[in-house]
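Structure file model05.txt (compact mmCIF, C-alpha atoms) is printed below.
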```txt
# COMPACT_ATOMS: atom_id res chain seq x y z
CA MET A 1 47.42 -13.84 7.99
CA THR A 2 47.31 -10.90 5.69
CA GLY A 3 44.33 -9.90 3.69
CA GLU A 4 43.52 -7.44 1.04
CA ILE A 5 40.32 -5.51 0.68
CA SER A 6 39.67 -3.79 -2.59
CA GLY A 7 36.62 -1.90 -3.64
CA SER A 8 35.27 1.52 -4.28
CA LEU A 9 35.99 4.23 -1.71
CA ASN A 10 32.88 6.00 -3.03
CA LEU A 11 30.72 3.58 -1.08
CA ILE A 12 32.33 4.66 2.21
CA GLY A 13 31.44 8.22 1.29
CA PHE A 14 27.91 7.08 0.59
CA GLY A 15 27.76 5.41 3.99
CA LEU A 16 28.79 8.64 5.68
CA SER A 17 26.33 10.68 3.65
CA ALA A 18 23.49 8.34 4.63
CA ILE A 19 23.84 9.29 8.31
CA GLY A 20 22.21 12.69 7.86
CA PRO A 21 19.07 11.53 6.03
CA GLY A 22 18.86 8.59 8.45
CA VAL A 23 18.63 10.93 11.41
CA GLY A 24 16.23 13.14 9.48
CA ILE A 25 13.86 10.28 8.65
CA GLY A 26 13.94 9.19 12.28
CA LEU A 27 12.95 12.68 13.41
CA ILE A 28 10.13 12.85 10.86
CA PHE A 29 8.56 9.57 11.92
CA ALA A 30 9.09 10.38 15.61
CA ALA A 31 7.07 13.54 15.09
CA TYR A 32 4.43 11.63 13.11
CA ILE A 33 4.05 8.96 15.80
CA ASN A 34 3.88 11.66 18.47
CA GLY A 35 1.19 13.47 16.55
CA VAL A 36 -0.92 10.35 16.00
CA ALA A 37 -0.50 9.28 19.63
CA ARG A 38 -1.73 12.64 20.85
CA GLN A 39 -4.55 12.92 18.37
CA PRO A 40 -5.42 9.64 16.65
CA GLU A 41 -8.11 11.21 14.46
CA ALA A 42 -5.47 13.42 12.80
CA ARG A 43 -3.82 10.36 11.27
CA GLY A 44 -5.31 10.79 7.80
CA MET A 45 -4.08 14.37 7.66
CA LEU A 46 -0.60 13.65 9.04
CA GLN A 47 0.14 10.61 6.90
CA PRO A 48 0.72 12.34 3.53
CA ILE A 49 2.77 15.03 5.27
CA ALA A 50 4.93 12.45 7.04
CA PHE A 51 5.56 10.48 3.87
CA LEU A 52 6.27 13.65 1.95
CA GLY A 53 8.90 14.65 4.48
CA PHE A 54 10.26 11.10 4.39
CA ALA A 55 10.51 11.22 0.59
CA LEU A 56 12.32 14.54 0.63
CA ALA A 57 14.83 13.45 3.27
CA GLU A 58 15.34 10.11 1.57
CA ALA A 59 16.12 11.81 -1.76
CA LEU A 60 19.35 13.15 -0.24
CA ALA A 61 20.55 9.67 0.67
CA LEU A 62 19.63 8.40 -2.79
CA PHE A 63 21.63 11.16 -4.47
CA GLY A 64 24.59 9.84 -2.49
CA LEU A 65 23.90 6.29 -3.67
CA VAL A 66 23.58 7.26 -7.32
CA LEU A 67 26.69 9.44 -7.23
CA ALA A 68 28.63 6.64 -5.52
CA PHE A 69 28.02 4.50 -8.62
CA VAL A 70 28.31 7.24 -11.22
CA LEU A 71 31.48 9.02 -10.08
CA MET B 72 33.64 -2.53 -9.03
CA SER B 73 36.77 -4.56 -8.50
CA PRO B 74 36.34 -8.05 -7.06
CA LEU B 75 36.40 -8.39 -3.31
CA VAL B 76 38.86 -11.02 -2.25
CA LEU B 77 37.90 -13.40 0.48
CA ALA B 78 41.33 -13.46 2.07
CA ALA B 79 41.01 -16.54 4.25
CA GLN B 80 39.84 -18.80 1.47
CA GLY B 81 41.80 -17.38 -1.39
CA GLU B 82 38.70 -17.87 -3.54
CA GLY B 83 37.47 -15.04 -5.71
CA PHE B 84 34.00 -13.72 -5.11
CA THR B 85 32.68 -11.21 -7.58
CA PRO B 86 30.22 -8.94 -5.78
CA PRO B 87 27.13 -7.90 -7.73
CA GLY B 88 27.41 -4.54 -9.41
CA LYS B 89 25.64 -2.45 -11.96
CA GLU B 90 26.57 -4.98 -14.65
CA ASP B 91 23.95 -7.32 -13.18
CA PHE B 92 21.21 -4.99 -14.35
CA TRP B 93 21.94 -5.33 -18.06
CA TRP B 94 19.83 -8.12 -19.57
CA PRO B 95 19.65 -8.00 -23.36
CA ILE B 96 17.28 -10.51 -24.92
CA LEU B 97 17.39 -9.52 -28.57
CA GLY B 98 20.13 -7.43 -30.12
CA SER B 99 23.71 -6.78 -29.19
CA ASP B 100 25.37 -4.90 -26.36
CA THR B 101 26.33 -2.01 -28.58
CA SER B 102 23.13 -1.54 -30.53
CA ALA B 103 20.86 1.35 -29.61
CA TRP B 104 17.81 -0.84 -30.25
CA THR B 105 18.02 -3.79 -27.94
CA LEU B 106 15.08 -5.62 -26.47
CA THR B 107 15.91 -6.02 -22.79
CA ARG B 108 14.38 -7.93 -19.91
CA PRO B 109 12.87 -4.84 -18.22
CA ALA B 110 11.27 -3.78 -21.52
CA VAL B 111 9.55 -7.16 -21.83
CA MET B 112 8.48 -6.93 -18.19
CA ALA B 113 7.04 -3.46 -18.66
CA LEU B 114 4.91 -4.78 -21.54
CA LEU B 115 3.92 -7.79 -19.45
CA SER B 116 2.89 -5.52 -16.58
CA VAL B 117 0.62 -3.47 -18.84
CA ALA B 118 -1.03 -6.65 -20.14
CA LEU B 119 -1.48 -8.00 -16.60
CA ILE B 120 -2.96 -4.75 -15.28
CA ALA B 121 -5.32 -4.48 -18.25
CA TRP B 122 -6.45 -8.08 -17.77
CA PHE B 123 -6.90 -7.58 -14.02
CA LEU B 124 -8.88 -4.36 -14.27
CA LEU B 125 -11.09 -5.72 -17.06
CA ALA B 126 -11.75 -8.88 -15.07
CA ALA B 127 -12.40 -6.86 -11.92
CA THR B 128 -14.99 -4.67 -13.58
CA ARG B 129 -16.71 -7.21 -15.85
CA HIS B 130 -19.24 -8.64 -13.40
CA ARG B 131 -20.00 -5.62 -11.28
CA SER B 132 -22.43 -6.18 -8.47
CA ILE B 133 -23.51 -4.41 -5.31
CA ILE B 134 -21.96 -7.19 -3.25
CA PRO B 135 -18.45 -7.22 -4.78
CA GLY B 136 -16.70 -10.44 -5.64
CA ARG B 137 -13.08 -11.02 -4.71
CA LEU B 138 -11.55 -9.42 -7.82
CA GLN B 139 -13.95 -6.50 -7.75
CA PHE B 140 -13.17 -5.94 -4.08
CA VAL B 141 -9.41 -5.74 -4.71
CA GLY B 142 -9.86 -3.49 -7.76
CA GLU B 143 -12.20 -1.14 -5.94
CA GLY B 144 -9.91 -1.13 -2.92
CA ALA B 145 -6.92 -0.01 -4.99
CA TYR B 146 -8.97 2.58 -6.86
CA GLY B 147 -10.54 3.87 -3.66
CA PHE B 148 -7.15 4.12 -1.99
CA VAL B 149 -5.74 6.30 -4.77
CA ARG B 150 -8.92 8.32 -5.09
CA GLU B 151 -9.71 8.99 -1.43
CA GLY B 152 -6.28 8.63 0.16
CA ILE B 153 -4.21 10.53 -2.37
CA ALA B 154 -6.12 12.47 -5.02
CA ARG B 155 -8.95 14.02 -3.02
CA ASP B 156 -6.69 15.04 -0.14
CA LEU B 157 -3.97 16.65 -2.23
CA ILE B 158 -5.68 18.04 -5.33
CA GLY B 159 -8.94 19.06 -3.70
CA SER B 160 -12.46 17.74 -4.22
CA ARG B 161 -13.20 20.20 -7.07
CA ASP B 162 -10.62 19.11 -9.64
CA PHE B 163 -9.33 15.70 -8.59
CA LEU B 164 -11.54 13.52 -10.80
CA LYS B 165 -9.87 14.85 -13.96
CA PHE B 166 -6.51 13.50 -12.79
CA MET B 167 -7.67 10.14 -11.50
CA PRO B 168 -6.84 8.23 -14.74
CA LEU B 169 -3.25 9.52 -14.60
CA LEU B 170 -2.78 8.86 -10.89
CA PHE B 171 -4.34 5.41 -10.92
CA THR B 172 -2.32 4.40 -13.99
CA GLN B 173 0.90 5.56 -12.37
CA PHE B 174 0.09 3.80 -9.13
CA THR B 175 -0.78 0.44 -10.68
CA VAL B 176 2.07 0.44 -13.21
CA ILE B 177 4.70 1.36 -10.64
CA LEU B 178 3.30 -1.00 -8.02
CA LEU B 179 3.26 -4.05 -10.30
CA ASN B 180 6.64 -3.28 -11.86
CA ASN B 181 8.15 -2.85 -8.39
CA LEU B 182 6.55 -6.06 -7.14
CA PHE B 183 8.21 -7.87 -10.05
CA GLY B 184 11.36 -7.39 -7.99
CA ILE B 185 10.32 -10.10 -5.53
CA ILE B 186 7.81 -12.19 -7.49
CA PRO B 187 9.49 -15.58 -8.06
CA PHE B 188 10.74 -16.32 -11.59
CA VAL B 189 10.49 -12.65 -12.56
CA GLN B 190 12.57 -11.17 -9.76
CA TYR B 191 13.78 -8.05 -11.41
CA PRO B 192 12.38 -4.60 -10.68
CA THR B 193 11.73 -2.87 -14.00
CA MET B 194 12.35 0.53 -12.46
CA SER B 195 15.97 -0.31 -11.71
CA ARG B 196 16.74 0.74 -15.28
CA TYR B 197 16.78 4.54 -15.13
CA GLY B 198 14.92 5.03 -18.42
CA PHE B 199 11.59 3.82 -17.02
CA PRO B 200 11.37 6.22 -14.04
CA VAL B 201 12.52 9.05 -16.30
CA ALA B 202 9.60 8.44 -18.67
CA LEU B 203 7.13 8.30 -15.77
CA ALA B 204 8.55 11.43 -14.15
CA ALA B 205 8.44 13.23 -17.52
CA ILE B 206 4.68 12.60 -17.72
CA THR B 207 4.23 14.09 -14.25
CA TYR B 208 6.52 17.01 -15.11
CA ILE B 209 4.69 17.92 -18.29
CA THR B 210 1.29 17.46 -16.67
CA PHE B 211 1.75 19.68 -13.65
CA HIS B 212 3.44 22.46 -15.60
CA ALA B 213 0.79 22.31 -18.33
CA VAL B 214 -1.94 22.48 -15.70
CA GLY B 215 -0.22 25.43 -14.02
CA PHE B 216 0.32 27.35 -17.26
CA ARG B 217 -3.26 26.79 -18.37
CA LYS B 218 -4.63 27.87 -15.00
CA LYS B 219 -2.52 30.99 -14.42
CA GLY B 220 -1.23 32.00 -17.83
CA PHE B 221 2.42 32.09 -18.87
CA VAL B 222 3.40 35.24 -16.95
CA GLY B 223 1.08 34.54 -14.07
CA TYR B 224 2.62 31.12 -13.48
CA PHE B 225 6.08 32.61 -13.08
CA LYS B 226 4.70 35.44 -10.96
CA ASP B 227 3.05 32.88 -8.74
CA LEU B 228 6.41 31.27 -7.94
CA VAL B 229 7.07 34.04 -5.42
CA PRO B 230 4.63 34.37 -2.53
CA PRO B 231 3.12 37.87 -2.19
CA GLY B 232 4.10 40.30 0.56
CA LEU B 233 7.87 39.75 0.54
CA PRO B 234 10.37 42.62 0.81
CA GLY B 235 11.63 43.66 -2.63
CA TRP B 236 15.28 42.67 -2.31
CA ILE B 237 14.51 39.05 -1.46
CA VAL B 238 12.19 38.45 -4.43
CA PRO B 239 14.93 37.54 -6.99
CA PHE B 240 16.48 35.01 -4.60
CA ILE B 241 13.17 33.32 -3.85
CA PHE B 242 12.33 33.33 -7.55
CA VAL B 243 15.56 31.54 -8.44
CA LEU B 244 15.14 29.05 -5.60
CA GLU B 245 11.55 28.27 -6.52
CA PHE B 246 12.37 28.08 -10.22
CA VAL B 247 15.19 25.60 -9.63
CA ASP B 248 12.96 23.58 -7.32
CA LYS B 249 9.99 23.35 -9.70
CA PHE B 250 11.84 22.94 -12.98
CA ILE B 251 14.99 21.00 -12.08
CA THR B 252 14.90 19.42 -8.62
CA ARG B 253 11.37 18.03 -8.80
CA PRO B 254 11.71 15.86 -11.93
CA LEU B 255 15.21 14.84 -10.89
CA THR B 256 14.24 13.69 -7.40
CA LEU B 257 11.01 12.09 -8.59
CA SER B 258 12.77 9.84 -11.08
CA LEU B 259 15.92 9.28 -9.02
CA ARG B 260 13.97 8.27 -5.92
CA LEU B 261 12.12 5.49 -7.68
CA PHE B 262 15.17 4.33 -9.61
CA ALA B 263 17.61 4.38 -6.70
CA ASN B 264 15.23 2.58 -4.34
CA MET B 265 14.67 -0.25 -6.78
CA PHE B 266 18.32 -0.38 -7.81
CA ALA B 267 19.61 -0.43 -4.24
CA GLY B 268 16.97 -2.94 -3.14
CA HIS B 269 17.77 -5.38 -5.93
CA LEU B 270 21.49 -4.98 -5.31
CA LEU B 271 20.95 -5.65 -1.60
CA LEU B 272 19.09 -8.88 -2.34
CA LEU B 273 21.80 -9.92 -4.81
CA VAL B 274 24.51 -9.32 -2.22
CA PHE B 275 22.78 -11.46 0.40
CA ILE B 276 21.72 -14.28 -1.92
CA LEU B 277 24.92 -14.52 -3.96
CA GLY B 278 26.99 -14.11 -0.80
CA ALA B 279 25.07 -16.92 0.91
CA GLU B 280 25.50 -19.17 -2.11
CA HIS B 281 29.22 -18.50 -2.35
CA MET B 282 29.88 -18.97 1.36
CA LEU B 283 27.85 -22.18 1.54
CA LEU B 284 29.47 -23.73 -1.51
CA THR B 285 33.10 -22.75 -1.06
CA GLY B 286 33.56 -21.69 2.57
CA GLY B 287 34.81 -23.58 5.60
CA PRO B 288 32.58 -24.45 8.59
CA GLY B 289 32.67 -20.90 9.97
CA LEU B 290 31.72 -19.37 6.63
CA LYS B 291 28.97 -21.95 6.15
CA VAL B 292 27.28 -20.61 9.33
CA ALA B 293 27.69 -17.08 8.02
CA GLY B 294 26.21 -18.25 4.73
CA ILE B 295 23.11 -19.61 6.46
CA LEU B 296 22.72 -16.32 8.36
CA SER B 297 23.08 -14.46 5.08
CA GLY B 298 20.38 -16.62 3.54
CA VAL B 299 18.02 -15.90 6.46
CA LEU B 300 18.73 -12.19 6.11
CA ALA B 301 17.95 -12.44 2.40
CA VAL B 302 14.44 -13.64 3.30
CA VAL B 303 14.03 -10.82 5.84
CA MET B 304 15.24 -8.31 3.26
CA THR B 305 12.75 -9.66 0.72
CA PHE B 306 9.92 -8.70 3.07
CA PHE B 307 11.56 -5.33 3.64
CA GLU B 308 11.67 -4.89 -0.14
CA LEU B 309 7.95 -5.62 -0.31
CA LEU B 310 7.40 -2.68 2.06
CA VAL B 311 9.73 -0.40 0.08
CA GLU B 312 8.14 -1.33 -3.25
CA VAL B 313 4.60 -0.55 -2.12
CA LEU B 314 5.82 2.62 -0.38
CA GLN B 315 7.58 3.89 -3.50
CA ALA B 316 4.48 3.41 -5.65
CA TYR B 317 2.51 5.34 -3.01
CA ILE B 318 5.08 8.13 -2.75
CA PHE B 319 5.39 8.59 -6.52
CA THR B 320 1.61 8.94 -6.86
CA LEU B 321 1.45 11.16 -3.76
CA LEU B 322 4.07 13.53 -5.14
CA THR B 323 2.40 13.67 -8.57
CA ALA B 324 -0.88 14.60 -6.87
CA LEU B 325 0.91 17.14 -4.68
CA TYR B 326 2.62 18.82 -7.64
CA ILE B 327 -0.63 18.99 -9.59
CA GLY B 328 -2.42 20.31 -6.51
CA GLY B 329 0.30 22.94 -6.04
CA ALA B 330 0.01 24.06 -9.66
CA LEU B 331 -3.77 24.39 -9.29
CA ALA B 332 -3.70 26.23 -5.96
CA GLU B 333 -4.84 29.85 -6.09
CA GLU B 334 -2.56 31.42 -3.50
CA HIS B 335 0.45 30.35 -1.53
```
Please rewrite the model in this file as C-alpha cells.
Amino acid sequence: MTGEISGSLNLIGFGLSAIGPGVGIGLIFAAYINGVARQPEARGMLQPIAFLGFALAEALALFGLVLAFVL
Amino acid sequence: MSPLVLAAQGEGFTPPGKEDFWWPILGSDTSAWTLTRPAVMALLSVALIAWFLLAATRHRSIIPGRLQFVGEGAYGFVREGIARDLIGSRDFLKFMPLLFTQFTVILLNNLFGIIPFVQYPTMSRYGFPVALAAITYITFHAVGFRKKGFVGYFKDLVPPGLPGWIVPFIFVLEFVDKFITRPLTLSLRLFANMFAGHLLLLVFILGAEHMLLTGGPGLKVAGILSGVLAVVMTFFELLVEVLQAYIFTLLTALYIGGALAEEH
C-alpha cells in the first residue's frame, strides 16, 4: 500500500519553532507555581508578571505560526 | 494548502485553511468595500455590550442584582486586577474607560468563537487586532510624549548610569522594542491565537465529520475520538479566549504605566 502525503513544509518548521517557546512557557509557569507555593500571599503580585512572561514567550511561537502561513 | 490525500480510502479531504476565514456577505471578492461576517459580528458585539452595561447599571442598588453583580465583577477585575496594579493608583482612573472597553470588546468577540450559531472569532481577521493595537500604540506614546516632552521621551529610553559606548546600542534596542515590536506583537498575538484556535477546531470537527461519513470501521472510531477531542478543544479555546482578552488589557496597562513612570 503506497500513500502520498502532500502539504506545506512550512508547518513542520513551525512545529520545530514551537519547541522553544513551549519550554519557555513551562519554565515561566513552573517558577510562578513555585513562587505561589512558597508564599501564597504574593499571588496577586506574581500573576501579572507570570502572564506577561507567558505573553512574551508565546509571541515567538505565534510569529512562527503566522510566517508558516504567509511565506 | 494543497489537499491532504487519505491514502487508504482514496477519498479527497480538503483540510481547512486560511480560505475558511473569508466570509463576504455583501459585495464581491475583489471589491475593497465588502461587508464581511466579522464586520457584522463586531457591530453586534458593540450593541450587545452596550445593552448589557446599560441593563447592568440601570437599577443600581446596594444589594446588587444578578446583572449588576456580573457587570461590577468585570469592571472591578479590570480596575483592581489590571489598572491599579500596573498604572499606579494616582493615574489609573483616567485610563479605565479605554481598558474596560478593550477588555469587554475583545472578550465578547473572542467568545463569539465558541458561542453556538456565531462560532467565528472576529479577531481572526487581522484588521481588527491591528485597529485595537493602534489605539494602544497611539495612547501610550501620546501619554509618554505629553509627560516627558519630545526630547525627554527619547532620552528616557536609555536608563541613566550606563557607560557611554553602550548608550547607542541600548537606544536602538529600546527604540525598536517600543516603536516596532510592541504594536506588532500586541496585534499578532491576539490575531494568531484566534486564528490558530479556530483552525484547530475546524480540523477536529471537519476531520471527524469526514471520517465518520466516508471512512471504514477503523476510521469511524478515529472520527469519534476526533469529535470528542473537538469538545475538549472547545473548552481549551474558552480558556485561551478569556486569557487573550486579559493579556491584551494587561499589556496596554503595562505600556501606559511604563510611559508614565518617572525613572527606570
For Leu9 (chain A), work out the shell of residues within 9 Å, counting all atoms listed in the file and skipping chain neighbours fewer than 4 positions away, then give it as an mmCIF file with C-alpha atoms, keeping the file's coordinate frame.
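File produced: out27.cif:
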```
data_model
loop_
_atom_site.group_PDB
_atom_site.id
_atom_site.type_symbol
_atom_site.label_atom_id
_atom_site.label_comp_id
_atom_site.auth_asym_id
_atom_site.auth_seq_id
_atom_site.Cartn_x
_atom_site.Cartn_y
_atom_site.Cartn_z
ATOM 1 C CA GLY A 13 31.440 8.220 1.290
ATOM 2 C CA PHE A 14 27.910 7.080 0.590
ATOM 3 C CA ALA A 68 28.630 6.640 -5.520
#
```
Would you give me, as CSV, each residue of chain A having an atom within 10 Å of an atom of chain B, along with its shortest atom pair and that distance in Å to one decimal, using only C-alpha atoms and sorting by chain and residue number?
```
residue,atom,partner,partner_atom,distance
A:Met1,CA,B:Ala79,CA,7.9
A:Thr2,CA,B:Ala78,CA,7.4
A:Gly3,CA,B:Ala78,CA,4.9
A:Glu4,CA,B:Ala78,CA,6.5
A:Ile5,CA,B:Leu75,CA,6.3
A:Ser6,CA,B:Leu75,CA,5.7
A:Gly7,CA,B:Ser73,CA,5.5
A:Ser8,CA,B:Met72,CA,6.5
A:Gly44,CA,B:Gly152,CA,8.0
A:Met45,CA,B:Asp156,CA,8.3
A:Gln47,CA,B:Gly152,CA,9.5
A:Pro48,CA,B:Leu321,CA,7.4
A:Ile49,CA,B:Leu321,CA,9.9
A:Phe51,CA,B:Ile318,CA,7.0
A:Leu52,CA,B:Ile318,CA,7.3
A:Phe54,CA,B:Ile318,CA,9.3
A:Ala55,CA,B:Ile318,CA,7.1
A:Leu56,CA,B:Thr256,CA,8.3
A:Glu58,CA,B:Arg260,CA,7.8
A:Ala59,CA,B:Arg260,CA,5.9
A:Leu60,CA,B:Thr256,CA,8.8
A:Ala61,CA,B:Arg260,CA,9.4
A:Leu62,CA,B:Ala263,CA,6.0
A:Phe63,CA,B:Leu259,CA,7.5
A:Gly64,CA,B:Ala263,CA,9.8
A:Leu65,CA,B:Ala263,CA,7.2
A:Val66,CA,B:Ala263,CA,6.7
A:Phe69,CA,B:Lys89,CA,8.1
```
Leu169 (chain B) surroundings by all atoms listed in the file, 10 Å radius, close-in-sequence under 3 positions cut, as a list in words: Leu164, Lys165, Phe166, Thr172, Gln173, Phe174, Ile206, Thr207, Thr210, Thr320, Thr323 and Ala324 of chain B
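Interatomic distance, CA of Ile186 (chain B) to CA of Met282 (chain B): 24.7 Å.
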Region 270-272 of chain B surroundings by all atoms listed in the file, 7 Å radius, close-in-sequence under 5 positions cut, as a VMD selection string: chain B and resid 87 301 304
Selected residues, C-alpha atoms, written as a short mmCIF file (atom, residue, chain, number, x, y, z; two decimals), in the coordinates of the input, please.
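What ended up in selection16.cif:
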```cif
data_model
loop_
_atom_site.label_atom_id
_atom_site.label_comp_id
_atom_site.auth_asym_id
_atom_site.auth_seq_id
_atom_site.Cartn_x
_atom_site.Cartn_y
_atom_site.Cartn_z
CA PRO B 87 27.13 -7.90 -7.73
CA ALA B 301 17.95 -12.44 2.40
CA MET B 304 15.24 -8.31 3.26
#
```
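Using only C-alpha atoms, the nearest neighbour of Val311 (chain B) within the list B:His130, B:Trp122, B:Phe250, B:Gly268 is B:Gly268.
Shortest atom-to-atom contact with Phe92 (chain B) among B:Leu125, B:Leu284, B:Leu273, B:Ile241: B:Leu273, counting all atoms listed in the file.
CA of Val274 (chain B) to CA of Ala293 (chain B) spans 13.2 Å [interatomic distance, one decimal].
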Point-to-point distance from CA of Ala330 (chain B) to CA of Tyr224 (chain B), Å rounded to tenths: 8.4 Å
Selected residue, from B:Glu333, B:Pro135, B:Ala103, B:Ser258, that lies nearest to Gly223 (chain B) when counting all atoms listed in the file: B:Glu333
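At a cut-off of 12 Å from (-12.4, -7.7, -6.5), the residue set is Phe123, Leu124, Leu125, Ala126, Ala127, Thr128, Arg129, His130, Arg131, Ser132, Ile133, Ile134, Pro135, Gly136, Arg137, Leu138, Gln139, Phe140, Val141, Gly142, Glu143, Gly144, Ala145 and Tyr146 of chain B (counting only C-alpha atoms).
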Take the residues that were just selected and, keeping C-alpha atoms, output them as an mmCIF file, keeping the file's coordinate frame.
```cif
data_model
loop_
_atom_site.group_PDB
_atom_site.id
_atom_site.type_symbol
_atom_site.label_atom_id
_atom_site.label_comp_id
_atom_site.auth_asym_id
_atom_site.auth_seq_id
_atom_site.Cartn_x
_atom_site.Cartn_y
_atom_site.Cartn_z
ATOM 1 C CA PHE B 123 -6.900 -7.580 -14.020
ATOM 2 C CA LEU B 124 -8.880 -4.360 -14.270
ATOM 3 C CA LEU B 125 -11.090 -5.720 -17.060
ATOM 4 C CA ALA B 126 -11.750 -8.880 -15.070
ATOM 5 C CA ALA B 127 -12.400 -6.860 -11.920
ATOM 6 C CA THR B 128 -14.990 -4.670 -13.580
ATOM 7 C CA ARG B 129 -16.710 -7.210 -15.850
ATOM 8 C CA HIS B 130 -19.240 -8.640 -13.400
ATOM 9 C CA ARG B 131 -20.000 -5.620 -11.280
ATOM 10 C CA SER B 132 -22.430 -6.180 -8.470
ATOM 11 C CA ILE B 133 -23.510 -4.410 -5.310
ATOM 12 C CA ILE B 134 -21.960 -7.190 -3.250
ATOM 13 C CA PRO B 135 -18.450 -7.220 -4.780
ATOM 14 C CA GLY B 136 -16.700 -10.440 -5.640
ATOM 15 C CA ARG B 137 -13.080 -11.020 -4.710
ATOM 16 C CA LEU B 138 -11.550 -9.420 -7.820
ATOM 17 C CA GLN B 139 -13.950 -6.500 -7.750
ATOM 18 C CA PHE B 140 -13.170 -5.940 -4.080
ATOM 19 C CA VAL B 141 -9.410 -5.740 -4.710
ATOM 20 C CA GLY B 142 -9.860 -3.490 -7.760
ATOM 21 C CA GLU B 143 -12.200 -1.140 -5.940
ATOM 22 C CA GLY B 144 -9.910 -1.130 -2.920
ATOM 23 C CA ALA B 145 -6.920 -0.010 -4.990
ATOM 24 C CA TYR B 146 -8.970 2.580 -6.860
#
```
